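Source file: upload_5.csv. Holds: CSV, C-alpha atoms (C1' of nucleotides).
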```
chain,number,residue,atom,x,y,z
I,1,MET,CA,-6.6,-4.2,-7.5
I,2,LEU,CA,-4.7,-5.2,-10.6
I,3,SER,CA,-2.0,-2.9,-11.8
I,4,LYS,CA,-2.6,-1.3,-15.2
I,5,LYS,CA,0.4,-3.2,-16.5
I,6,ALA,CA,-1.2,-6.6,-15.7
I,7,LYS,CA,-4.5,-5.5,-17.1
I,8,TYR,CA,-3.0,-4.1,-20.3
I,9,ALA,CA,-0.9,-7.3,-20.7
I,10,ILE,CA,-3.9,-9.5,-20.5
I,11,LYS,CA,-5.8,-7.2,-23.0
I,12,ALA,CA,-2.9,-7.3,-25.4
I,13,LEU,CA,-2.6,-11.1,-25.2
I,14,VAL,CA,-6.3,-11.6,-25.8
I,15,TYR,CA,-6.1,-9.2,-28.7
I,16,LEU,CA,-3.1,-11.2,-30.1
I,17,GLY,CA,-5.0,-14.4,-29.4
I,18,HIS,CA,-7.8,-13.3,-31.7
I,19,GLU,CA,-5.4,-12.3,-34.4
I,20,ASN,CA,-3.4,-15.6,-34.2
I,21,HIS,CA,-1.9,-17.3,-37.2
I,22,LYS,CA,-1.7,-14.1,-39.1
I,23,SER,CA,1.4,-11.9,-39.6
I,24,PRO,CA,3.1,-10.0,-36.7
I,25,VAL,CA,0.9,-7.3,-35.2
I,26,LEU,CA,2.1,-3.7,-34.7
I,27,ILE,CA,2.4,-2.3,-31.2
I,28,SER,CA,0.5,0.7,-32.5
I,29,GLN,CA,-2.3,-1.4,-33.7
I,30,ILE,CA,-2.7,-3.1,-30.3
I,31,ALA,CA,-2.4,0.2,-28.5
I,32,GLN,CA,-5.1,1.8,-30.7
I,33,ASN,CA,-7.6,-1.0,-30.5
I,34,GLU,CA,-7.3,-1.6,-26.8
I,35,ASN,CA,-6.9,2.1,-25.8
I,36,ILE,CA,-3.5,1.6,-24.2
I,37,PRO,CA,-0.7,4.3,-24.2
I,38,GLN,CA,1.7,3.1,-26.8
I,39,LYS,CA,4.9,3.8,-25.0
I,40,PHE,CA,3.7,2.1,-21.9
I,41,LEU,CA,2.6,-0.9,-23.9
I,42,GLU,CA,6.0,-1.2,-25.5
I,43,ALA,CA,7.6,-1.9,-22.1
I,44,ILE,CA,4.9,-4.4,-21.3
I,45,LEU,CA,5.3,-6.4,-24.5
I,46,LEU,CA,9.0,-6.4,-24.0
I,47,THR,CA,8.5,-8.0,-20.6
I,48,LEU,CA,6.2,-10.6,-22.1
I,49,LYS,CA,8.9,-11.3,-24.7
I,50,LYS,CA,11.6,-11.8,-22.1
I,51,GLU,CA,9.2,-14.2,-20.3
I,52,GLY,CA,9.0,-16.3,-23.5
I,53,ILE,CA,5.3,-15.6,-24.1
I,54,LEU,CA,5.7,-13.3,-27.1
I,55,ASP,CA,8.3,-12.9,-29.8
I,56,SER,CA,8.8,-10.0,-32.2
I,57,LYS,CA,10.2,-9.2,-35.6
I,58,LYS,CA,12.1,-6.0,-36.1
I,59,GLY,CA,12.1,-3.7,-39.1
I,60,ARG,CA,9.5,-3.1,-41.7
I,61,GLY,CA,6.7,-5.6,-41.6
I,62,GLY,CA,7.6,-6.5,-38.1
I,63,GLY,CA,5.6,-6.6,-34.9
I,64,TYR,CA,4.6,-8.9,-32.1
I,65,PHE,CA,3.2,-12.4,-32.1
I,66,VAL,CA,2.4,-15.1,-29.5
I,67,VAL,CA,4.8,-18.1,-29.2
I,68,LYS,CA,3.5,-19.8,-26.1
I,69,PRO,CA,0.4,-21.9,-26.7
I,70,LEU,CA,-2.6,-19.8,-25.8
I,71,GLU,CA,-4.0,-22.6,-23.6
I,72,GLU,CA,-0.9,-22.5,-21.5
I,73,ILE,CA,-0.9,-18.8,-20.8
I,74,SER,CA,-2.9,-18.3,-17.6
I,75,PHE,CA,-4.0,-15.2,-15.8
I,76,ALA,CA,-2.0,-16.5,-12.8
I,77,GLU,CA,1.2,-16.3,-14.8
I,78,ILE,CA,0.6,-12.8,-16.0
I,79,LEU,CA,-0.4,-11.5,-12.6
I,80,ARG,CA,2.8,-13.0,-11.1
I,81,ILE,CA,5.0,-11.4,-13.7
I,82,PHE,CA,3.6,-7.9,-13.3
I,83,ASP,CA,2.1,-7.7,-9.8
I,84,GLY,CA,4.1,-10.3,-7.9
I,85,PRO,CA,2.6,-12.9,-5.5
I,86,ILE,CA,-1.1,-13.7,-5.7
I,87,ALA,CA,-1.4,-14.5,-2.0
I,88,LEU,CA,-2.4,-11.7,0.4
I,89,LEU,CA,0.1,-12.5,3.1
I,90,PRO,CA,3.9,-13.2,2.7
I,91,CYS,CA,3.6,-16.3,4.9
I,92,VAL,CA,1.2,-18.1,2.4
I,93,THR,CA,3.0,-17.5,-0.8
I,94,HIS,CA,4.6,-20.4,-2.6
I,95,ASP,CA,7.4,-18.7,-4.5
I,96,TYR,CA,8.1,-15.6,-2.4
I,97,TYR,CA,7.6,-17.1,1.1
I,98,LYS,CA,8.6,-14.9,3.9
I,99,GLN,CA,7.6,-15.1,7.6
I,100,CYS,CA,5.4,-12.3,8.9
I,101,GLU,CA,7.8,-10.3,11.0
I,102,GLU,CA,5.4,-9.7,13.9
I,103,CYS,CA,4.0,-13.3,13.9
I,104,LYS,CA,4.7,-15.4,16.9
I,105,ASP,CA,3.6,-18.9,15.8
I,106,GLU,CA,2.7,-19.6,12.3
I,107,ALA,CA,1.5,-23.1,13.0
I,108,THR,CA,-1.3,-21.9,15.2
I,109,CYS,CA,-2.1,-18.6,13.5
I,110,GLY,CA,-5.8,-18.6,12.6
I,111,ILE,CA,-5.4,-15.7,10.3
I,112,ARG,CA,-2.9,-17.5,8.2
I,113,LYS,CA,-5.2,-20.4,7.8
I,114,VAL,CA,-7.9,-18.1,6.2
I,115,PHE,CA,-5.5,-16.5,3.8
I,116,LEU,CA,-3.8,-19.9,2.9
I,117,GLN,CA,-7.2,-21.3,1.8
I,118,LEU,CA,-8.0,-18.1,0.0
I,119,ARG,CA,-4.7,-18.2,-1.9
I,120,ASN,CA,-5.4,-21.8,-2.9
I,121,ILE,CA,-8.8,-21.0,-4.2
I,122,THR,CA,-7.6,-17.9,-6.0
I,123,VAL,CA,-4.6,-19.6,-7.7
I,124,LYS,CA,-6.8,-22.4,-8.9
I,125,HIS,CA,-9.2,-20.0,-10.4
I,126,LEU,CA,-6.5,-17.9,-12.1
I,127,LYS,CA,-4.7,-21.0,-13.5
I,128,ASP,CA,-7.9,-22.2,-15.1
I,129,ALA,CA,-8.4,-18.8,-16.7
I,130,THR,CA,-6.2,-19.0,-19.9
I,131,ILE,CA,-5.9,-16.6,-22.8
I,132,MET,CA,-7.3,-19.4,-25.0
I,133,ASN,CA,-10.4,-19.7,-22.8
I,134,VAL,CA,-11.1,-16.0,-23.0
I,135,VAL,CA,-10.6,-15.9,-26.8
I,136,LEU,CA,-13.0,-18.8,-27.3
I,137,ASP,CA,-15.5,-17.3,-24.9
I,138,GLU,CA,-15.4,-14.0,-26.7
I,139,SER,CA,-15.7,-15.6,-30.1
I,140,ASP,CA,-19.0,-17.2,-29.2
I,141,LYS,CA,-20.7,-13.8,-29.1
Y,1,MET,CA,-0.9,-8.1,-0.6
Y,2,LEU,CA,-2.7,-6.9,2.5
Y,3,SER,CA,-1.6,-3.6,3.9
Y,4,LYS,CA,0.0,-3.7,7.3
Y,5,LYS,CA,-3.0,-1.7,8.5
Y,6,ALA,CA,-5.4,-4.4,7.6
Y,7,LYS,CA,-3.2,-7.1,9.0
Y,8,TYR,CA,-2.6,-5.3,12.3
Y,9,ALA,CA,-6.3,-4.6,12.5
Y,10,ILE,CA,-7.2,-8.2,12.2
Y,11,LYS,CA,-4.5,-9.2,14.7
Y,12,ALA,CA,-5.7,-6.6,17.2
Y,13,LEU,CA,-9.3,-7.8,16.8
Y,14,VAL,CA,-8.4,-11.4,17.3
Y,15,TYR,CA,-6.4,-10.4,20.4
Y,16,LEU,CA,-9.3,-8.5,21.8
Y,17,GLY,CA,-11.6,-11.4,20.9
Y,18,HIS,CA,-9.5,-13.7,23.1
Y,19,GLU,CA,-9.7,-11.2,25.9
Y,20,ASN,CA,-13.4,-10.7,25.6
Y,21,HIS,CA,-15.7,-10.0,28.6
Y,22,LYS,CA,-12.8,-8.6,30.7
Y,23,SER,CA,-12.0,-5.0,31.3
Y,24,PRO,CA,-10.8,-2.6,28.6
Y,25,VAL,CA,-7.4,-3.5,27.0
Y,26,LEU,CA,-4.6,-1.0,26.7
Y,27,ILE,CA,-3.3,-0.1,23.3
Y,28,SER,CA,0.2,-0.7,24.7
Y,29,GLN,CA,-0.8,-4.2,25.7
Y,30,ILE,CA,-2.0,-5.1,22.3
Y,31,ALA,CA,1.0,-3.4,20.6
Y,32,GLN,CA,3.4,-5.4,22.8
Y,33,ASN,CA,1.7,-8.8,22.4
Y,34,GLU,CA,1.2,-8.5,18.7
Y,35,ASN,CA,4.5,-6.8,17.9
Y,36,ILE,CA,2.8,-3.7,16.3
Y,37,PRO,CA,4.2,-0.2,16.5
Y,38,GLN,CA,2.1,1.5,19.2
Y,39,LYS,CA,1.5,4.9,17.5
Y,40,PHE,CA,0.5,3.2,14.3
Y,41,LEU,CA,-1.9,0.9,16.1
Y,42,GLU,CA,-3.5,3.9,17.8
Y,43,ALA,CA,-4.7,5.2,14.4
Y,44,ILE,CA,-5.9,1.8,13.4
Y,45,LEU,CA,-8.0,1.3,16.5
Y,46,LEU,CA,-9.4,4.8,16.1
Y,47,THR,CA,-10.6,3.8,12.7
Y,48,LEU,CA,-12.2,0.6,14.0
Y,49,LYS,CA,-13.9,2.7,16.6
Y,50,LYS,CA,-15.3,5.1,14.0
Y,51,GLU,CA,-16.6,2.1,12.2
Y,52,GLY,CA,-18.5,1.0,15.3
Y,53,ILE,CA,-16.5,-2.2,15.7
Y,54,LEU,CA,-14.6,-1.1,18.8
Y,55,ASP,CA,-15.3,1.4,21.6
Y,56,SER,CA,-13.0,2.9,24.1
Y,57,LYS,CA,-12.8,4.3,27.6
Y,58,LYS,CA,-10.6,7.2,28.3
Y,59,GLY,CA,-8.6,8.0,31.4
Y,60,ARG,CA,-7.1,5.7,34.0
Y,61,GLY,CA,-8.3,2.2,33.7
Y,62,GLY,CA,-9.4,2.9,30.2
Y,63,GLY,CA,-8.6,1.0,27.0
Y,64,TYR,CA,-10.3,-0.6,24.0
Y,65,PHE,CA,-13.0,-3.3,23.8
Y,66,VAL,CA,-15.1,-4.9,21.1
Y,67,VAL,CA,-18.7,-3.8,20.8
Y,68,LYS,CA,-19.8,-5.5,17.6
Y,69,PRO,CA,-20.5,-9.2,18.0
Y,70,LEU,CA,-17.4,-11.2,17.1
Y,71,GLU,CA,-19.3,-13.5,14.7
Y,72,GLU,CA,-20.4,-10.4,12.7
Y,73,ILE,CA,-17.0,-9.0,12.2
Y,74,SER,CA,-15.7,-10.5,8.9
Y,75,PHE,CA,-12.3,-10.3,7.2
Y,76,ALA,CA,-14.2,-8.8,4.3
Y,77,GLU,CA,-15.3,-5.9,6.3
Y,78,ILE,CA,-11.9,-5.2,7.7
Y,79,LEU,CA,-10.2,-5.4,4.3
Y,80,ARG,CA,-12.7,-3.0,2.8
Y,81,ILE,CA,-12.2,-0.5,5.6
Y,82,PHE,CA,-8.4,-0.4,5.2
Y,83,ASP,CA,-7.6,-1.6,1.7
Y,84,GLY,CA,-10.7,-0.7,-0.2
Y,85,PRO,CA,-12.4,-3.0,-2.7
Y,86,ILE,CA,-11.8,-6.7,-2.7
Y,87,ALA,CA,-12.3,-7.1,-6.4
Y,88,LEU,CA,-9.3,-6.9,-8.8
Y,89,LEU,CA,-11.0,-4.7,-11.4
Y,90,PRO,CA,-13.0,-1.6,-10.9
Y,91,CYS,CA,-15.7,-2.9,-13.2
Y,92,VAL,CA,-16.5,-5.9,-10.9
Y,93,THR,CA,-16.7,-4.2,-7.6
Y,94,HIS,CA,-20.1,-3.8,-5.9
Y,95,ASP,CA,-19.6,-0.7,-3.8
Y,96,TYR,CA,-17.0,1.2,-5.8
Y,97,TYR,CA,-18.1,0.3,-9.3
Y,98,LYS,CA,-16.3,2.2,-12.1
Y,99,GLN,CA,-16.1,1.3,-15.7
Y,100,CYS,CA,-12.6,0.4,-16.9
Y,101,GLU,CA,-11.5,3.5,-18.9
Y,102,GLU,CA,-10.1,1.6,-21.8
Y,103,CYS,CA,-12.9,-1.0,-22.1
Y,104,LYS,CA,-15.0,-1.1,-25.2
Y,105,ASP,CA,-17.8,-3.4,-24.3
Y,106,GLU,CA,-18.2,-4.6,-20.7
Y,107,ALA,CA,-20.9,-7.1,-21.6
Y,108,THR,CA,-18.7,-9.1,-23.9
Y,109,CYS,CA,-15.4,-8.7,-22.0
Y,110,GLY,CA,-14.1,-12.2,-21.3
Y,111,ILE,CA,-11.5,-10.7,-18.9
Y,112,ARG,CA,-14.2,-9.2,-16.8
Y,113,LYS,CA,-16.0,-12.5,-16.5
Y,114,VAL,CA,-13.0,-14.1,-15.0
Y,115,PHE,CA,-12.5,-11.4,-12.4
Y,116,LEU,CA,-16.2,-11.2,-11.6
Y,117,GLN,CA,-16.3,-14.9,-10.7
Y,118,LEU,CA,-13.1,-14.5,-8.7
Y,119,ARG,CA,-14.5,-11.6,-6.8
Y,120,ASN,CA,-17.6,-13.6,-5.9
Y,121,ILE,CA,-15.6,-16.5,-4.6
Y,122,THR,CA,-13.2,-14.3,-2.7
Y,123,VAL,CA,-15.9,-12.2,-1.0
Y,124,LYS,CA,-17.8,-15.4,0.0
Y,125,HIS,CA,-14.6,-16.8,1.6
Y,126,LEU,CA,-13.8,-13.5,3.4
Y,127,LYS,CA,-17.3,-13.1,4.7
Y,128,ASP,CA,-17.3,-16.5,6.2
Y,129,ALA,CA,-14.0,-15.8,7.9
Y,130,THR,CA,-15.1,-14.0,11.1
Y,131,ILE,CA,-13.1,-12.9,14.1
Y,132,MET,CA,-15.2,-15.3,16.2
Y,133,ASN,CA,-14.2,-18.2,13.9
Y,134,VAL,CA,-10.5,-17.4,14.3
Y,135,VAL,CA,-10.8,-17.1,18.1
Y,136,LEU,CA,-12.6,-20.4,18.4
Y,137,ASP,CA,-10.1,-22.1,16.0
Y,138,GLU,CA,-7.1,-20.8,17.9
Y,139,SER,CA,-8.6,-21.8,21.3
Y,140,ASP,CA,-8.8,-25.4,20.2
Y,141,LYS,CA,-5.1,-25.7,20.2
U,1,DA,C1',23.2,1.8,-50.5
U,2,DA,C1',19.5,4.6,-48.7
U,3,DT,C1',15.4,5.0,-46.5
U,4,DA,C1',11.9,4.4,-43.3
U,5,DA,C1',9.3,1.3,-40.6
U,6,DA,C1',9.5,-0.9,-36.3
U,7,DC,C1',11.2,-2.8,-32.1
U,8,DT,C1',14.8,-1.8,-28.0
U,9,DC,C1',16.7,0.4,-24.2
U,10,DT,C1',17.9,3.9,-20.7
U,11,DA,C1',16.5,7.6,-18.0
U,12,DC,C1',13.4,10.5,-16.0
U,13,DT,C1',9.1,12.2,-13.4
U,14,DA,C1',4.7,13.5,-11.1
U,15,DA,C1',1.5,11.7,-8.2
U,16,DA,C1',-0.2,8.6,-5.0
U,17,DC,C1',0.4,5.4,-1.4
U,18,DT,C1',2.5,3.0,2.7
U,19,DA,C1',4.2,2.7,7.1
U,20,DC,C1',5.3,5.0,10.0
U,21,DT,C1',6.8,9.2,13.9
U,22,DA,C1',6.1,13.5,16.8
U,23,DG,C1',3.8,16.0,19.7
U,24,DA,C1',0.2,18.6,21.6
U,25,DG,C1',-4.6,18.1,23.3
U,26,DT,C1',-8.6,16.0,25.8
U,27,DT,C1',-10.9,13.1,29.2
U,28,DA,C1',-11.7,10.5,33.3
U,29,DT,C1',-10.5,8.3,37.5
U,30,DA,C1',-8.2,7.6,41.9
F,1,DT,C1',-5.1,17.4,41.0
F,2,DA,C1',-2.0,14.2,39.1
F,3,DT,C1',-1.6,11.1,35.8
F,4,DA,C1',-3.0,7.3,32.9
F,5,DA,C1',-5.0,6.8,28.6
F,6,DC,C1',-7.2,7.8,24.4
F,7,DT,C1',-7.6,11.7,20.4
F,8,DC,C1',-6.2,14.4,16.7
F,9,DT,C1',-3.3,17.0,13.4
F,10,DA,C1',0.9,17.1,10.9
F,11,DG,C1',4.6,15.6,8.7
F,12,DT,C1',7.9,12.4,6.3
F,13,DA,C1',11.1,9.0,4.1
F,14,DG,C1',10.7,5.5,1.0
F,15,DT,C1',8.4,2.9,-2.6
F,16,DT,C1',5.3,2.1,-6.3
F,17,DT,C1',2.5,3.3,-10.3
F,18,DA,C1',1.7,5.0,-14.6
F,19,DG,C1',3.5,6.9,-17.4
F,20,DT,C1',6.9,10.2,-21.1
F,21,DA,C1',11.2,11.4,-23.8
F,22,DG,C1',14.4,10.4,-26.8
F,23,DA,C1',18.2,8.1,-28.7
F,24,DG,C1',19.6,3.6,-30.7
F,25,DT,C1',19.3,-0.7,-33.4
F,26,DT,C1',17.5,-3.8,-36.9
F,27,DT,C1',15.6,-5.1,-41.3
F,28,DA,C1',12.5,-5.1,-45.5
F,29,DT,C1',12.1,-2.6,-49.4
F,30,DT,C1',13.3,0.6,-53.2
```

Output the file's structure as structure tokens, nothing else.
Amino acid sequence: MLSKKAKYAIKALVYLGHENHKSPVLISQIAQNENIPQKFLEAILLTLKKEGILDSKKGRGGGYFVVKPLEEISFAEILRIFDGPIALLPCVTHDYYKQCEECKDEATCGIRKVFLQLRNITVKHLKDATIMNVVLDESDK
Amino acid sequence: MLSKKAKYAIKALVYLGHENHKSPVLISQIAQNENIPQKFLEAILLTLKKEGILDSKKGRGGGYFVVKPLEEISFAEILRIFDGPIALLPCVTHDYYKQCEECKDEATCGIRKVFLQLRNITVKHLKDATIMNVVLDESDK
DNA sequence: AATAAACTCTACTAAACTACTAGAGTTATA
DNA sequence: TATAACTCTAGTAGTTTAGTAGAGTTTATT
């Protein structure tokens, strides 16, 4: 399952995506509209800022806004930031590769093959899913 | 990531799959060959027995053996037993469905759509991956 | 210059989960 | 009847999750 952090992050980004090109949005406004505990959301938005996806303006009239193009923010990126690797086994991750401790021969491991393919399918799906796509999709309704 | 329980369960089943049609296999033998802590493995095999996948014989000359046909034991089944739902959001699971607490309208939720498709892809892949397939695949080498 | 709105940062915490271990109990066969 | 082997109940250290509390900093406006 996704962590709440990852889920809230995606919700906040989609919300900001809908509000795009307007003035900075208050944390409190996002929290209220998306039913997210405000203090918890603060930490999440801060992380997204450190990652270069959001930026913020302090003081009166401040708030958060998206700086990375919406079509370049994928679900894969968000999941990796908050929940770590997408793969289900350490031996099939790209960025965090680690051998399975108990494994004897990775090359002939039939289990690995299954999870390697699954990882590839999953990553492709989650890279194609961008915030922009969700915003456009929801605007059609 | 998979839990160790799920990973060990699959490893043990593949091991038993290779040994099929012979006499019951000792827990200690599986543990040694697959580098799994024995006491931990005991609990895992017990669960698999309760699920009707394995059976055991007590006493001298006893051990574990597979009773469910190898081609009917899928990775999806094992993951569900040990790690719960395969879907990444509660609102897209089949067996454990729960509405996302903070969600306003499931029908128009663009995020849900992404994870629903992903769930379907993933479940299909993990249902096609059976212990039999892995055993056959590994025997080719 | 003062005020207040708004983001920033550090620290803490309860609850749940993970990956085990210990040890006593039961069963079946040689 | 000895013993090999599975069964079952507890417990536990460490980690992660999903938060909360509260003081600090920045900046637009009056």

Superposition of chain Y onto chain I by least squares over all sequentially paired C-alpha atoms; the transformed chain is requested as a compact mmCIF listing (two decimals) with C-alpha atoms, in the coordinates of the input.
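Contents of part-v1.txt, as written:
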```
# COMPACT_ATOMS: atom_id res chain seq x y z
CA MET Y 1 -6.55 -4.11 -7.54
CA LEU Y 2 -4.67 -5.19 -10.64
CA SER Y 3 -2.01 -2.86 -11.88
CA LYS Y 4 -2.63 -1.29 -15.24
CA LYS Y 5 0.40 -3.24 -16.44
CA ALA Y 6 -1.20 -6.53 -15.71
CA LYS Y 7 -4.50 -5.47 -17.15
CA TYR Y 8 -2.98 -4.10 -20.36
CA ALA Y 9 -0.91 -7.24 -20.64
CA ILE Y 10 -3.90 -9.46 -20.50
CA LYS Y 11 -5.79 -7.24 -22.96
CA ALA Y 12 -2.87 -7.26 -25.39
CA LEU Y 13 -2.60 -11.06 -25.14
CA VAL Y 14 -6.26 -11.58 -25.75
CA TYR Y 15 -6.02 -9.23 -28.76
CA LEU Y 16 -3.12 -11.12 -30.16
CA GLY Y 17 -4.94 -14.39 -29.44
CA HIS Y 18 -7.81 -13.24 -31.67
CA GLU Y 19 -5.35 -12.36 -34.37
CA ASN Y 20 -3.48 -15.60 -34.15
CA HIS Y 21 -1.88 -17.33 -37.19
CA LYS Y 22 -1.64 -14.04 -39.15
CA SER Y 23 1.39 -11.90 -39.59
CA PRO Y 24 3.08 -9.98 -36.76
CA VAL Y 25 0.90 -7.25 -35.11
CA LEU Y 26 2.13 -3.72 -34.63
CA ILE Y 27 2.37 -2.31 -31.17
CA SER Y 28 0.51 0.74 -32.49
CA GLN Y 29 -2.31 -1.48 -33.66
CA ILE Y 30 -2.77 -3.06 -30.33
CA ALA Y 31 -2.39 0.29 -28.48
CA GLN Y 32 -5.10 1.83 -30.69
CA ASN Y 33 -7.60 -1.06 -30.47
CA GLU Y 34 -7.23 -1.55 -26.78
CA ASN Y 35 -6.94 2.11 -25.82
CA ILE Y 36 -3.47 1.66 -24.15
CA PRO Y 37 -0.77 4.30 -24.17
CA GLN Y 38 1.68 3.12 -26.86
CA LYS Y 39 5.00 3.80 -25.05
CA PHE Y 40 3.73 2.09 -21.94
CA LEU Y 41 2.57 -0.93 -23.90
CA GLU Y 42 6.00 -1.19 -25.52
CA ALA Y 43 7.57 -1.94 -22.11
CA ILE Y 44 4.87 -4.39 -21.27
CA LEU Y 45 5.29 -6.39 -24.45
CA LEU Y 46 9.05 -6.36 -23.95
CA THR Y 47 8.50 -7.99 -20.62
CA LEU Y 48 6.19 -10.64 -22.09
CA LYS Y 49 8.85 -11.30 -24.65
CA LYS Y 50 11.53 -11.78 -22.00
CA GLU Y 51 9.22 -14.20 -20.35
CA GLY Y 52 9.01 -16.25 -23.55
CA ILE Y 53 5.30 -15.61 -24.02
CA LEU Y 54 5.67 -13.31 -27.02
CA ASP Y 55 8.31 -12.89 -29.74
CA SER Y 56 8.88 -10.09 -32.11
CA LYS Y 57 10.19 -9.23 -35.55
CA LYS Y 58 12.04 -6.06 -36.07
CA GLY Y 59 12.09 -3.79 -39.08
CA ARG Y 60 9.46 -3.18 -41.73
CA GLY Y 61 6.68 -5.63 -41.60
CA GLY Y 62 7.66 -6.52 -38.11
CA GLY Y 63 5.52 -6.64 -34.96
CA TYR Y 64 4.61 -8.94 -32.07
CA PHE Y 65 3.15 -12.47 -32.05
CA VAL Y 66 2.41 -15.13 -29.48
CA VAL Y 67 4.80 -18.05 -29.23
CA LYS Y 68 3.57 -19.84 -26.13
CA PRO Y 69 0.43 -21.88 -26.70
CA LEU Y 70 -2.63 -19.82 -25.79
CA GLU Y 71 -4.09 -22.55 -23.54
CA GLU Y 72 -0.86 -22.46 -21.45
CA ILE Y 73 -0.88 -18.81 -20.80
CA SER Y 74 -2.85 -18.31 -17.53
CA PHE Y 75 -4.01 -15.17 -15.73
CA ALA Y 76 -1.97 -16.46 -12.83
CA GLU Y 77 1.18 -16.29 -14.74
CA ILE Y 78 0.56 -12.83 -16.02
CA LEU Y 79 -0.37 -11.47 -12.58
CA ARG Y 80 2.77 -12.92 -11.06
CA ILE Y 81 4.96 -11.39 -13.74
CA PHE Y 82 3.58 -7.86 -13.24
CA ASP Y 83 2.08 -7.72 -9.77
CA GLY Y 84 4.05 -10.32 -7.92
CA PRO Y 85 2.51 -12.87 -5.56
CA ILE Y 86 -1.13 -13.73 -5.69
CA ALA Y 87 -1.41 -14.49 -2.02
CA LEU Y 88 -2.43 -11.74 0.47
CA LEU Y 89 0.18 -12.57 3.10
CA PRO Y 90 3.82 -13.22 2.67
CA CYS Y 91 3.60 -16.30 4.85
CA VAL Y 92 1.20 -18.09 2.41
CA THR Y 93 2.93 -17.49 -0.83
CA HIS Y 94 4.64 -20.41 -2.60
CA ASP Y 95 7.37 -18.68 -4.56
CA TYR Y 96 8.07 -15.63 -2.42
CA TYR Y 97 7.57 -17.13 1.01
CA LYS Y 98 8.57 -14.86 3.93
CA GLN Y 99 7.57 -15.16 7.50
CA CYS Y 100 5.36 -12.32 8.76
CA GLU Y 101 7.75 -10.20 10.90
CA GLU Y 102 5.39 -9.75 13.76
CA CYS Y 103 4.05 -13.34 13.89
CA LYS Y 104 4.68 -15.44 16.92
CA ASP Y 105 3.66 -18.87 15.86
CA GLU Y 106 2.79 -19.56 12.20
CA ALA Y 107 1.50 -23.04 12.93
CA THR Y 108 -1.25 -21.87 15.21
CA CYS Y 109 -2.10 -18.59 13.42
CA GLY Y 110 -5.81 -18.70 12.62
CA ILE Y 111 -5.36 -15.63 10.35
CA ARG Y 112 -2.88 -17.46 8.24
CA LYS Y 113 -5.23 -20.38 7.76
CA VAL Y 114 -7.82 -18.16 6.28
CA PHE Y 115 -5.45 -16.56 3.80
CA LEU Y 116 -3.83 -19.87 2.91
CA GLN Y 117 -7.18 -21.34 1.86
CA LEU Y 118 -7.99 -18.15 -0.03
CA ARG Y 119 -4.73 -18.26 -1.86
CA ASN Y 120 -5.36 -21.85 -2.92
CA ILE Y 121 -8.77 -21.06 -4.28
CA THR Y 122 -7.61 -17.92 -6.02
CA VAL Y 123 -4.60 -19.55 -7.71
CA LYS Y 124 -6.80 -22.48 -8.89
CA HIS Y 125 -9.27 -20.00 -10.45
CA LEU Y 126 -6.49 -17.93 -12.10
CA LYS Y 127 -4.74 -20.95 -13.48
CA ASP Y 128 -7.84 -22.19 -15.11
CA ALA Y 129 -8.42 -18.81 -16.69
CA THR Y 130 -6.25 -19.01 -19.85
CA ILE Y 131 -5.93 -16.62 -22.74
CA MET Y 132 -7.28 -19.39 -24.99
CA ASN Y 133 -10.40 -19.67 -22.78
CA VAL Y 134 -11.07 -15.93 -23.05
CA VAL Y 135 -10.58 -15.94 -26.84
CA LEU Y 136 -12.93 -18.85 -27.32
CA ASP Y 137 -15.52 -17.29 -24.92
CA GLU Y 138 -15.42 -13.95 -26.69
CA SER Y 139 -15.68 -15.58 -30.16
CA ASP Y 140 -18.96 -17.18 -29.21
CA LYS Y 141 -20.65 -13.88 -29.12
```

Using only C-alpha atoms (C1' of nucleotides), I'd like every residue of chain Y that has an atom within 8 Å of chain F; please write them out as number ranges by chain. Y: 56-63

Taking all atoms listed in the file into account, which residues of chain I are within 6 Å of chain Y, as a list in words?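 For chain I, the answer reads Met1, Leu2, Asn35, Leu88, Leu89, Glu102, Gly110, Val134 and Glu138 of chain I.
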
Could you work out which residues of chain U fall inside 6 Å of chain I? Count all atoms listed in the file, and format the result as a PyMOL selection string. chain U and resi 5-7

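Interatomic distance, atom CA of Gly52 of chain Y against atom CA of Pro69 of chain Y: 10.7 Å.
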
Between atom CA of Leu13 of chain Y and atom CA of Tyr96 of chain Y - distance in Å to one decimal: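 Atom-to-atom, atom CA of Tyr96 of chain Y and atom CA of Leu13 of chain Y are spaced 25.5 Å apart.
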
Which residues, written as a list in words, have at least one atom at most 8 Å from Phe65 of chain I, with all atoms listed in the file counted and residues fewer than 5 positions away on the same chain left out? Leu16, Asn20, Ser23, Pro24, Val25, Leu54, Asp55 and Ser56 of chain I

What gap, in Å, lies between atom CA of Glu71 of chain I and atom CA of Ala12 of chain I?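 Distance reported for this atom pair: 15.4 Å.
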